[in-house]
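Structure data follow from coords.cif (mmCIF, C-alpha atoms):
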```
data_query
#
loop_
_atom_site.label_atom_id
_atom_site.label_comp_id
_atom_site.auth_asym_id
_atom_site.auth_seq_id
_atom_site.Cartn_x
_atom_site.Cartn_y
_atom_site.Cartn_z
CA ARG K 1 16.51 -7.03 8.25
CA LYS K 2 13.39 -6.11 6.28
CA GLU K 3 11.30 -3.30 7.74
CA VAL K 4 8.12 -5.37 7.79
CA GLU K 5 8.26 -9.15 7.58
CA GLN K 6 5.44 -11.55 6.90
CA ASP K 7 5.18 -15.22 6.01
CA PRO K 8 4.15 -15.09 2.32
CA GLY K 9 2.20 -18.37 2.51
CA PRO K 10 0.09 -19.47 0.80
CA PHE K 11 -2.11 -20.51 3.68
CA ASN K 12 -4.66 -23.05 2.48
CA VAL K 13 -7.49 -23.15 4.99
CA PRO K 14 -10.89 -24.90 4.90
CA GLU K 15 -13.98 -22.73 5.01
CA GLY K 16 -15.12 -22.12 8.58
CA ALA K 17 -11.68 -22.54 10.11
CA THR K 18 -9.78 -19.98 12.15
CA VAL K 19 -6.52 -18.65 10.71
CA ALA K 20 -3.88 -16.36 12.18
CA PHE K 21 -1.18 -14.28 10.50
CA ASN K 22 1.82 -12.69 12.14
CA CYS K 23 4.03 -9.82 11.18
CA THR K 24 7.16 -8.27 12.69
CA TYR K 25 8.53 -4.79 12.13
CA SER K 26 12.07 -3.55 12.65
CA ASN K 27 11.65 0.17 13.28
CA SER K 28 10.87 0.76 16.94
CA ALA K 29 9.82 4.32 16.07
CA SER K 30 6.81 3.00 14.17
CA GLN K 31 3.67 4.58 15.50
CA SER K 32 0.67 3.40 13.49
CA PHE K 33 -0.21 -0.09 12.37
CA PHE K 34 -2.69 -1.48 9.90
CA TRP K 35 -3.82 -4.56 8.06
CA TYR K 36 -4.68 -4.02 4.40
CA ARG K 37 -6.28 -6.53 2.06
CA GLN K 38 -5.36 -6.84 -1.61
CA ASP K 39 -7.34 -8.93 -4.05
CA CYS K 40 -5.71 -10.24 -7.21
CA ARG K 41 -4.88 -7.39 -9.63
CA LYS K 42 -6.68 -4.86 -7.45
CA GLU K 43 -5.50 -2.02 -5.23
CA PRO K 44 -4.93 -2.51 -1.48
CA LYS K 45 -7.80 -1.55 0.81
CA LEU K 46 -7.76 -0.98 4.55
CA LEU K 47 -9.05 -3.95 6.51
CA MET K 48 -8.48 -2.53 9.98
CA SER K 49 -6.20 -0.36 12.07
CA VAL K 50 -4.33 -2.05 14.92
CA TYR K 51 -4.40 -0.49 18.36
CA SER K 52 -2.19 -1.16 21.37
CA SER K 53 -5.05 -2.63 23.38
CA GLY K 54 -6.06 -4.96 20.56
CA ASN K 55 -9.23 -4.53 18.57
CA GLU K 56 -11.93 -6.57 16.95
CA ASP K 57 -14.12 -6.00 13.90
CA GLY K 58 -16.61 -8.80 13.39
CA ARG K 59 -14.69 -11.97 12.60
CA PHE K 60 -11.37 -10.14 12.56
CA THR K 61 -9.16 -9.50 15.59
CA ALA K 62 -5.91 -7.55 15.46
CA GLN K 63 -3.27 -7.36 18.19
CA LEU K 64 -0.10 -5.36 18.68
CA ASN K 65 2.86 -6.19 20.89
CA ARG K 66 5.15 -3.16 20.93
CA ALA K 67 7.78 -4.80 23.12
CA SER K 68 8.24 -7.63 20.63
CA GLN K 69 7.45 -5.43 17.60
CA TYR K 70 4.87 -7.94 16.51
CA ILE K 71 1.40 -7.60 14.96
CA SER K 72 -1.17 -10.32 14.44
CA LEU K 73 -4.45 -10.82 12.60
CA LEU K 74 -6.94 -13.54 13.50
CA ILE K 75 -9.81 -14.47 11.19
CA ARG K 76 -12.57 -16.61 12.68
CA ASP K 77 -15.17 -18.63 10.76
CA SER K 78 -13.35 -17.96 7.49
CA LYS K 79 -15.38 -17.41 4.31
CA LEU K 80 -14.50 -18.09 0.69
CA SER K 81 -14.54 -14.32 0.16
CA ASP K 82 -11.68 -13.94 2.66
CA SER K 83 -9.30 -15.35 0.03
CA ALA K 84 -6.85 -12.52 -0.68
CA THR K 85 -3.40 -11.23 0.21
CA TYR K 86 -3.18 -9.62 3.64
CA LEU K 87 -0.65 -6.83 3.97
CA CYS K 88 0.88 -5.79 7.27
CA VAL K 89 1.54 -2.05 7.22
CA VAL K 90 3.32 0.37 9.54
CA ARG K 91 3.79 4.12 9.57
CA ARG K 92 6.76 5.82 11.21
CA ALA K 93 5.40 9.23 12.14
CA LYS K 94 2.63 9.96 14.56
CA GLY K 95 1.85 13.28 12.96
CA GLY K 96 1.99 14.67 9.48
CA ALA K 97 2.01 12.86 6.17
CA ASP K 98 4.37 9.95 6.17
CA GLY K 99 4.37 7.06 3.78
CA LEU K 100 3.22 3.64 4.81
CA THR K 101 5.70 0.74 4.80
CA PHE K 102 4.21 -2.51 3.54
CA GLY K 103 5.11 -6.11 4.15
CA LYS K 104 5.17 -8.47 1.18
CA GLY K 105 1.80 -9.86 2.18
CA THR K 106 0.44 -13.22 3.24
CA HIS K 107 -1.57 -15.06 0.63
CA LEU K 108 -4.69 -16.76 2.03
CA ILE K 109 -6.76 -19.30 0.13
CA ILE K 110 -10.02 -20.46 1.69
CA GLN K 111 -11.10 -23.80 0.32
CA PRO K 112 -14.72 -25.03 0.19
CA GLU N 1 -16.52 4.31 -8.03
CA THR N 2 -13.19 5.11 -6.42
CA GLY N 3 -12.23 8.34 -4.67
CA VAL N 4 -8.76 8.08 -6.23
CA THR N 5 -8.62 7.84 -10.01
CA GLN N 6 -5.55 6.88 -12.01
CA THR N 7 -5.02 7.11 -15.75
CA PRO N 8 -4.09 5.33 -17.86
CA ARG N 9 -4.89 1.90 -16.42
CA HIS N 10 -2.39 0.22 -18.73
CA LEU N 11 0.65 1.65 -20.49
CA VAL N 12 3.26 0.11 -22.76
CA MET N 13 6.22 2.33 -23.56
CA GLY N 14 9.61 2.05 -25.18
CA MET N 15 12.80 2.88 -23.34
CA THR N 16 13.21 6.14 -25.24
CA ASN N 17 9.63 7.35 -24.75
CA LYS N 18 8.35 10.01 -22.39
CA LYS N 19 5.00 9.45 -20.75
CA SER N 20 3.08 10.65 -17.70
CA LEU N 21 0.86 8.92 -15.18
CA LYS N 22 -1.99 10.92 -13.71
CA CYS N 23 -3.72 10.64 -10.35
CA GLU N 24 -6.69 12.61 -9.10
CA GLN N 25 -8.31 12.35 -5.67
CA HIS N 26 -11.85 13.53 -4.95
CA LEU N 27 -11.66 13.05 -1.18
CA GLY N 28 -10.36 16.43 -0.07
CA HIS N 29 -7.18 14.87 1.32
CA ASN N 30 -3.99 16.82 1.93
CA ALA N 31 -1.42 14.10 1.28
CA MET N 32 -0.72 12.09 -1.86
CA TYR N 33 1.71 9.26 -2.54
CA TRP N 34 3.23 7.23 -5.36
CA TYR N 35 3.95 3.55 -4.73
CA LYS N 36 5.50 0.90 -6.96
CA GLN N 37 4.45 -2.75 -6.80
CA SER N 38 6.68 -5.22 -8.62
CA ALA N 39 6.13 -8.95 -8.84
CA LYS N 40 7.17 -10.77 -5.67
CA LYS N 41 8.17 -7.55 -3.89
CA PRO N 42 6.34 -5.50 -1.30
CA LEU N 43 4.76 -2.19 -2.19
CA GLU N 44 7.57 0.38 -2.29
CA LEU N 45 6.97 4.01 -1.35
CA MET N 46 8.37 6.36 -4.00
CA PHE N 47 7.21 9.91 -3.18
CA VAL N 48 5.13 11.71 -0.58
CA TYR N 49 3.46 15.09 -1.06
CA ASN N 50 1.85 17.01 1.77
CA PHE N 51 -0.07 20.17 0.87
CA LYS N 52 1.60 20.08 -2.60
CA GLU N 53 5.10 20.00 -1.10
CA GLN N 54 7.28 16.97 -1.59
CA THR N 55 8.17 15.66 1.84
CA GLU N 56 9.76 12.36 0.90
CA ASN N 57 11.74 10.98 -2.01
CA ASN N 58 12.63 7.40 -1.29
CA SER N 59 15.86 7.31 -3.31
CA VAL N 60 13.96 7.09 -6.58
CA PRO N 61 15.98 7.38 -9.83
CA SER N 62 15.67 10.68 -11.64
CA ARG N 63 14.00 9.01 -14.63
CA PHE N 64 10.88 9.22 -12.42
CA SER N 65 9.83 12.83 -11.89
CA PRO N 66 6.77 13.64 -9.76
CA GLU N 67 4.66 16.77 -10.01
CA CYS N 68 1.93 17.94 -7.65
CA PRO N 69 0.25 21.12 -8.98
CA ASN N 70 -2.42 21.07 -6.24
CA SER N 71 -3.64 18.87 -3.42
CA SER N 72 -5.99 16.96 -5.73
CA HIS N 73 -3.65 16.07 -8.58
CA LEU N 74 -0.43 14.13 -8.76
CA PHE N 75 1.60 13.21 -11.82
CA LEU N 76 4.52 10.88 -12.39
CA HIS N 77 6.57 11.82 -15.44
CA LEU N 78 8.54 8.97 -16.97
CA HIS N 79 11.50 9.12 -19.35
CA THR N 80 14.21 6.72 -20.51
CA LEU N 81 12.84 3.91 -18.36
CA GLN N 82 14.33 0.44 -18.14
CA PRO N 83 12.52 -2.90 -18.53
CA GLU N 84 12.95 -3.51 -14.78
CA ASP N 85 10.75 -0.45 -14.18
CA SER N 86 7.77 -2.48 -15.42
CA ALA N 87 5.38 -2.70 -12.47
CA LEU N 88 2.05 -1.58 -11.09
CA TYR N 89 2.23 2.08 -10.05
CA LEU N 90 -0.26 2.98 -7.35
CA CYS N 91 -1.31 6.42 -6.23
CA ALA N 92 -2.77 6.94 -2.76
CA SER N 93 -4.10 9.81 -0.69
CA SER N 94 -4.81 10.39 2.97
CA GLN N 95 -5.95 13.15 5.30
CA ASP N 96 -3.23 13.67 7.85
CA GLY N 97 -4.51 15.77 10.70
CA GLY N 98 -1.57 15.05 12.96
CA ARG N 99 -2.48 11.67 14.41
CA GLY N 100 -0.83 9.65 11.69
CA ASP N 101 -3.29 6.81 11.97
CA THR N 102 -5.49 7.80 9.08
CA GLU N 103 -6.31 5.41 6.29
CA ALA N 104 -4.66 5.70 2.87
CA PHE N 105 -6.98 5.23 -0.09
CA PHE N 106 -5.47 3.76 -3.24
CA GLY N 107 -6.27 4.22 -6.89
CA GLN N 108 -6.61 1.18 -9.11
CA GLY N 109 -3.09 1.62 -10.42
CA THR N 110 -1.37 1.93 -13.78
CA ARG N 111 0.17 -1.30 -15.05
CA LEU N 112 3.31 -0.19 -16.84
CA THR N 113 5.30 -2.33 -19.26
CA VAL N 114 8.60 -1.02 -20.58
CA VAL N 115 9.77 -2.69 -23.78
#
```
Take the structure from the file and write it as structure tokens.
Amino acid sequence: RKEVEQDPGPFNVPEGATVAFNCTYSNSASQSFFWYRQDCRKEPKLLMSVYSSGNEDGRFTAQLNRASQYISLLIRDSKLSDSATYLCVVRRAKGGADGLTFGKGTHLIIQP
Amino acid sequence: ETGVTQTPRHLVMGMTNKKSLKCEQHLGHNAMYWYKQSAKKPLELMFVYNFKEQTENNSVPSRFSPECPNSSHLFLHLHTLQPEDSALYLCASSQDGGRGDTEAFFGQGTRLTVV
């Protein structure tokens, strides 16, 4: 089983719609969770961290279900500029430097 | 302007060549990483350095040799690579103060082609 699994898509969504991505992780020792965004031929950039209680940043809402080892990202009122690949990311250790484990990414295309 | 700078941005090398990738971070972070991104594969962690000490080697072949002379600089020395090593090599840094939930900042990557 892959460490971090995501539906690769592509998700073709009309502008203004709401879209949700899911991600599952296999390592129950994972402690930190993130969504990164990667534009074509660019480096990944942090979109938001994911906290146990769920968190929101503008149009973006992230949720974590530790029991099911499941992370989600909801984008409301999608914009053309939201078109990108969304990477689900987990980190094993709670303290100290530890590499991030990335999913393959979900490709989102917002259509006008 | 990025806080993590990688050079060169593009590199084409033969299988018998020796080359080095360079990464420099201007963020005062204590941890640096090398990742590999191949087509249709997730980003793969290669090496982790914390305070200049290598803390993780993710079963990377010895033809890839990292070097971290200080907390701001990270190199990846390449020799006798194979065509399947062609990929985007990304450097990242983070400030790990013990919570583990700090953001990693990435450089723009070196796109490597082995011929």
*Residue hits in chain N, query chain K, radius 12 Å, all atoms listed in the file, as number ranges by chain*: N: 2, 4-6, 9, 29-58, 87-111
Once the PyMOL selection byres ((chain N and resi 66) around 9) has been evaluated on this model, what residues remain selected, and can you format them as a PDB file with C-alpha atoms, keeping the file's coordinate frame?
```
ATOM      1  CA  TRP N  34       3.230   7.230  -5.360  1.00  0.00           C
ATOM      2  CA  PHE N  47       7.210   9.910  -3.180  1.00  0.00           C
ATOM      3  CA  GLN N  54       7.280  16.970  -1.590  1.00  0.00           C
ATOM      4  CA  PHE N  64      10.880   9.220 -12.420  1.00  0.00           C
ATOM      5  CA  SER N  65       9.830  12.830 -11.890  1.00  0.00           C
ATOM      6  CA  GLU N  67       4.660  16.770 -10.010  1.00  0.00           C
ATOM      7  CA  CYS N  68       1.930  17.940  -7.650  1.00  0.00           C
ATOM      8  CA  LEU N  74      -0.430  14.130  -8.760  1.00  0.00           C
ATOM      9  CA  PHE N  75       1.600  13.210 -11.820  1.00  0.00           C
ATOM     10  CA  LEU N  76       4.520  10.880 -12.390  1.00  0.00           C
ATOM     11  CA  HIS N  77       6.570  11.820 -15.440  1.00  0.00           C
ATOM     12  CA  LEU N  78       8.540   8.970 -16.970  1.00  0.00           C
TER      13      LEU N  78
END
```
*asked:* the PyMOL selection byres ((chain N and resi 18) around 9) - which residues does that actually catch in the file I just gave you? List them as a list in words.
replied: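 With the PyMOL selection byres ((chain N and resi 18) around 9) on this model, the match is Met13, Gly14, Met15, Thr16, Asn17, Lys19, Ser20, His77, Leu78, His79, Thr80 and Leu81 of chain N.
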*Translate the PyMOL selection byres ((chain K and resi 3) around 6), as applied to the file shown, into an explicit residue set as a list in words.*
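That selection, the PyMOL selection byres ((chain K and resi 3) around 6), comes back as Lys2, Val4, Tyr25 and Ser26 of chain K.
Closest approach to Tyr86 in chain K from the set K:Gln6, K:Gln63, K:Thr106, K:Gln111 is made by K:Thr106, with distances taken over all atoms listed in the file.
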